[in-house]
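Since the structure comes first, as structure tokens, the remarks are kept for the end.
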Amino acid sequence: MRPELKLKLLYTIFVVTAIYLSGCSSLKRVGTVAVTGVKEQQELFDSMQEQAFQFRTLTARLNVDLDMPGNSFSSKVDLKMIKDSVFQLSVQPILGIEMVRIELTTDSIKLLDRINKRYVEESYATMKGQTPIEFNFYNLQALFVNYIFLPGEQGLDNKQYDKFQISKLGNRVELRTFDSMGLLYTFFADGEEKLLSTHISDETKIHGVLWDYADFRVVDDQIFPMQMTVRVLAEGVKRGGMNISYSRIQRNIPVKMDFSIPDKYNRITFEQILKSFSNK
């Protein structure tokens with residue numbers, strides 16, 4: 001893949017994530033544990049799957065601090081998710097007033113821009129030329145809920161474990177795999193198989209998206225990272241980033257998804273949204 005194409009698709013991942021978008025001190029904090037040795041492949045993955053946050057539905061309040069070249073932005077964001085089906089983010093930068101709503105399903109993306117009275121509604125199939133990557137709904141969901149994933153796949157089972165290269169790197173376990181476009185996906189876990197980082201990059205590692213997890217807390221007897229830090233690298237230099245803080249997390253409660261589009265709103269394309277972010 002040409003370097004400029006790789007940079008474009010990596011930037012696209014970041015922009016989509018940025019568009020989509022106080023720690024809770026009453027929850028018990030969980031520390032990370034250094035790795036003393038690498039477990040057998042089956043045992044390692046089984047343990048990581050066991051550590052994964054289990055839910056059917058998920059709601060949370062996020063504080064998002066977005067830092068892009070020449071621009072910074074902070075907002076409250078309400079997250080609603082039905083696992084493996086749909087999730088919505090409501091961006092509320094001022095006094096709980098929604099400015100942007102985003103909905104992702106397994107096959108499409110919708111975006112409602114209330115400020116400019118416009119909306120996007122596109123299938124992933126029509127966006128394929130704009131985002132030439134195997135990265136999909138399930139992979140983006142995995143980033144938000146601290147899951148390891150296989151690029152382009154819906155889930156991960158024991159028949160796919162051999163697609164990862166596993167090694168010990170310092171006090172962490174490193175798991176590496178490639179997608180069909182040649183992008184490298186690197187996951188780091190601690191000695192208890194908690195996922196600490198997900199890195200997506202070209203093989204040189206000078207272009208990439210780094211998604212790190214911290215401040216692990218106990219939520220309904222399960223462990224979840226309340227802090228997520230996203231960084232975008234281009235030519236080895238940070239070109240933008242985002243800090244996400246989770247609070248008010250609730251599992252398995254009834255969730256209502258609504259995405260009604262006002263009649264007078266103008267429809268635009270996802271490519272136009274990307275261009276507007278690029279210009280900024």
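Residues in the structure tokens are named by chain (A, B, ... in the order shown) and by number from 1 within that chain; ligands are numbered from 1 in the order shown.
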For the interface of region 41-134 of chain A with region 153-164 of chain A (cut-off 8 Å, counting only C-alpha atoms), please tabulate each contacting residue of region 41-134 of chain A alongside its nearest pair of atoms and their separation in Å to one decimal, rows sorted by chain and increasing number, as JSON lines.
{"residue": "A:Gln41", "atom": "CA", "partner": "A:Tyr161", "partner_atom": "CA", "distance": 7.3}
{"residue": "A:Gln42", "atom": "CA", "partner": "A:Asn158", "partner_atom": "CA", "distance": 7.2}
{"residue": "A:Phe45", "atom": "CA", "partner": "A:Tyr161", "partner_atom": "CA", "distance": 7.4}
Which of region 105-240 of chain A DSSP labels helix (DSSP H, G or I), written as a VMD selection string: chain A and resid 137 to 145 161 to 163
Just the selected residues (N, CA, C and O atoms), exported as a PDB file, in the first residue's frame, please.
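Just written: out-v1.pdb:
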ATOM      1  N   PHE A 137     -17.203  -2.427  12.097  1.00  0.00           N
ATOM      2  CA  PHE A 137     -18.011  -2.079  13.265  1.00  0.00           C
ATOM      3  C   PHE A 137     -17.534  -2.822  14.509  1.00  0.00           C
ATOM      4  O   PHE A 137     -17.387  -2.230  15.583  1.00  0.00           O
ATOM      5  N   TYR A 138     -17.306  -4.107  14.385  1.00  0.00           N
ATOM      6  CA  TYR A 138     -16.945  -4.924  15.542  1.00  0.00           C
ATOM      7  C   TYR A 138     -15.578  -4.514  16.092  1.00  0.00           C
ATOM      8  O   TYR A 138     -15.354  -4.553  17.311  1.00  0.00           O
ATOM      9  N   ASN A 139     -14.674  -4.104  15.200  1.00  0.00           N
ATOM     10  CA  ASN A 139     -13.361  -3.661  15.656  1.00  0.00           C
ATOM     11  C   ASN A 139     -13.446  -2.331  16.396  1.00  0.00           C
ATOM     12  O   ASN A 139     -12.782  -2.133  17.421  1.00  0.00           O
ATOM     13  N   LEU A 140     -14.280  -1.405  15.891  1.00  0.00           N
ATOM     14  CA  LEU A 140     -14.454  -0.128  16.590  1.00  0.00           C
ATOM     15  C   LEU A 140     -15.131  -0.335  17.937  1.00  0.00           C
ATOM     16  O   LEU A 140     -14.747   0.269  18.949  1.00  0.00           O
ATOM     17  N   GLN A 141     -16.125  -1.200  17.989  1.00  0.00           N
ATOM     18  CA  GLN A 141     -16.758  -1.557  19.253  1.00  0.00           C
ATOM     19  C   GLN A 141     -15.719  -2.086  20.236  1.00  0.00           C
ATOM     20  O   GLN A 141     -15.704  -1.714  21.421  1.00  0.00           O
ATOM     21  N   ALA A 142     -14.827  -2.931  19.749  1.00  0.00           N
ATOM     22  CA  ALA A 142     -13.794  -3.521  20.602  1.00  0.00           C
ATOM     23  C   ALA A 142     -12.895  -2.456  21.218  1.00  0.00           C
ATOM     24  O   ALA A 142     -12.500  -2.559  22.388  1.00  0.00           O
ATOM     25  N   LEU A 143     -12.560  -1.411  20.457  1.00  0.00           N
ATOM     26  CA  LEU A 143     -11.722  -0.344  20.995  1.00  0.00           C
ATOM     27  C   LEU A 143     -12.399   0.360  22.168  1.00  0.00           C
ATOM     28  O   LEU A 143     -11.746   0.686  23.166  1.00  0.00           O
ATOM     29  N   PHE A 144     -13.701   0.582  22.067  1.00  0.00           N
ATOM     30  CA  PHE A 144     -14.423   1.305  23.110  1.00  0.00           C
ATOM     31  C   PHE A 144     -14.658   0.459  24.366  1.00  0.00           C
ATOM     32  O   PHE A 144     -14.917   1.016  25.434  1.00  0.00           O
ATOM     33  N   VAL A 145     -14.602  -0.870  24.251  1.00  0.00           N
ATOM     34  CA  VAL A 145     -14.887  -1.717  25.419  1.00  0.00           C
ATOM     35  C   VAL A 145     -13.706  -2.600  25.804  1.00  0.00           C
ATOM     36  O   VAL A 145     -13.856  -3.559  26.555  1.00  0.00           O
ATOM     37  N   TYR A 161      -6.501 -18.190  16.779  1.00  0.00           N
ATOM     38  CA  TYR A 161      -5.416 -17.762  17.662  1.00  0.00           C
ATOM     39  C   TYR A 161      -4.055 -17.812  16.974  1.00  0.00           C
ATOM     40  O   TYR A 161      -3.155 -17.014  17.280  1.00  0.00           O
ATOM     41  N   ASP A 162      -3.887 -18.747  16.024  1.00  0.00           N
ATOM     42  CA  ASP A 162      -2.582 -18.886  15.387  1.00  0.00           C
ATOM     43  C   ASP A 162      -2.275 -17.754  14.409  1.00  0.00           C
ATOM     44  O   ASP A 162      -1.184 -17.693  13.845  1.00  0.00           O
ATOM     45  N   LYS A 163      -3.226 -16.821  14.222  1.00  0.00           N
ATOM     46  CA  LYS A 163      -2.972 -15.656  13.371  1.00  0.00           C
ATOM     47  C   LYS A 163      -2.203 -14.563  14.112  1.00  0.00           C
ATOM     48  O   LYS A 163      -1.858 -13.537  13.524  1.00  0.00           O
TER      49      LYS A 163
END
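Non-sequential neighbours of region 262-266 of chain A (distance at most 10 Å, separation of 2 or more positions within a chain, only C-alpha atoms) are Leu112, Asp113, Arg114, Asn116, Lys117, Arg118, Tyr119, Val120, Phe259, Ser260 and Ile268 of chain A.
CA of Asn243 (chain A) is found 18.5 Å from CA of Ile102 (chain A).
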Applying 9 Å and only C-alpha atoms, which residues near Asp107 (chain A) remain after dropping the ones on its own chain fewer than 3 positions away? List them as a tab-separated table (two decimals) with all heavy atoms, in the first residue's frame.
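The resulting file, part.tsv, is shown below:
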chain	number	residue	atom	x	y	z
A	104	LEU	N	-23.80	3.88	14.74
A	104	LEU	CA	-23.14	2.86	13.92
A	104	LEU	C	-23.85	1.53	14.10
A	104	LEU	O	-24.15	1.13	15.23
A	104	LEU	CB	-21.67	2.69	14.34
A	104	LEU	CG	-20.77	3.84	13.95
A	104	LEU	CD1	-20.54	4.74	15.15
A	104	LEU	CD2	-19.44	3.32	13.44
A	122	GLU	N	-24.74	6.49	5.33
A	122	GLU	CA	-24.04	5.72	4.31
A	122	GLU	C	-23.77	4.30	4.80
A	122	GLU	O	-23.54	4.08	5.99
A	122	GLU	CB	-22.72	6.39	3.94
A	122	GLU	CG	-22.86	7.69	3.19
A	122	GLU	CD	-21.55	8.14	2.57
A	122	GLU	OE1	-20.83	7.27	2.03
A	122	GLU	OE2	-21.25	9.35	2.63
A	123	SER	N	-23.77	3.38	3.86
A	123	SER	CA	-23.36	2.02	4.17
A	123	SER	C	-21.84	1.92	4.08
A	123	SER	O	-21.20	2.72	3.38
A	123	SER	CB	-24.00	1.03	3.19
A	123	SER	OG	-23.44	1.19	1.90
A	124	TYR	N	-21.26	0.97	4.78
A	124	TYR	CA	-19.82	0.78	4.69
A	124	TYR	C	-19.40	0.40	3.28
A	124	TYR	O	-18.30	0.72	2.84
A	124	TYR	CB	-19.37	-0.29	5.68
A	124	TYR	CG	-19.70	0.03	7.12
A	124	TYR	CD1	-20.13	-0.96	8.00
A	124	TYR	CD2	-19.58	1.31	7.62
A	124	TYR	CE1	-20.44	-0.68	9.32
A	124	TYR	CE2	-19.89	1.61	8.93
A	124	TYR	CZ	-20.32	0.60	9.78
A	124	TYR	OH	-20.62	0.89	11.08
A	125	ALA	N	-20.29	-0.28	2.56
A	125	ALA	CA	-19.98	-0.69	1.19
A	125	ALA	C	-19.74	0.52	0.29
A	125	ALA	O	-18.80	0.54	-0.51
A	125	ALA	CB	-21.12	-1.54	0.62
A	136	ASN	N	-13.72	-2.71	10.94
A	136	ASN	CA	-15.18	-2.72	10.79
A	136	ASN	C	-15.88	-2.32	12.08
A	136	ASN	O	-15.25	-1.92	13.06
A	136	ASN	CB	-15.63	-4.10	10.32
A	136	ASN	CG	-15.30	-5.21	11.31
A	136	ASN	OD1	-15.00	-4.95	12.48
A	136	ASN	ND2	-15.32	-6.44	10.85
A	137	PHE	N	-17.20	-2.43	12.10
A	137	PHE	CA	-18.01	-2.08	13.27
A	137	PHE	C	-17.53	-2.82	14.51
A	137	PHE	O	-17.39	-2.23	15.58
A	137	PHE	CB	-19.48	-2.41	12.98
A	137	PHE	CG	-20.36	-2.39	14.21
A	137	PHE	CD1	-20.93	-1.21	14.65
A	137	PHE	CD2	-20.60	-3.55	14.94
A	137	PHE	CE1	-21.73	-1.18	15.78
A	137	PHE	CE2	-21.40	-3.54	16.07
A	137	PHE	CZ	-21.96	-2.34	16.50
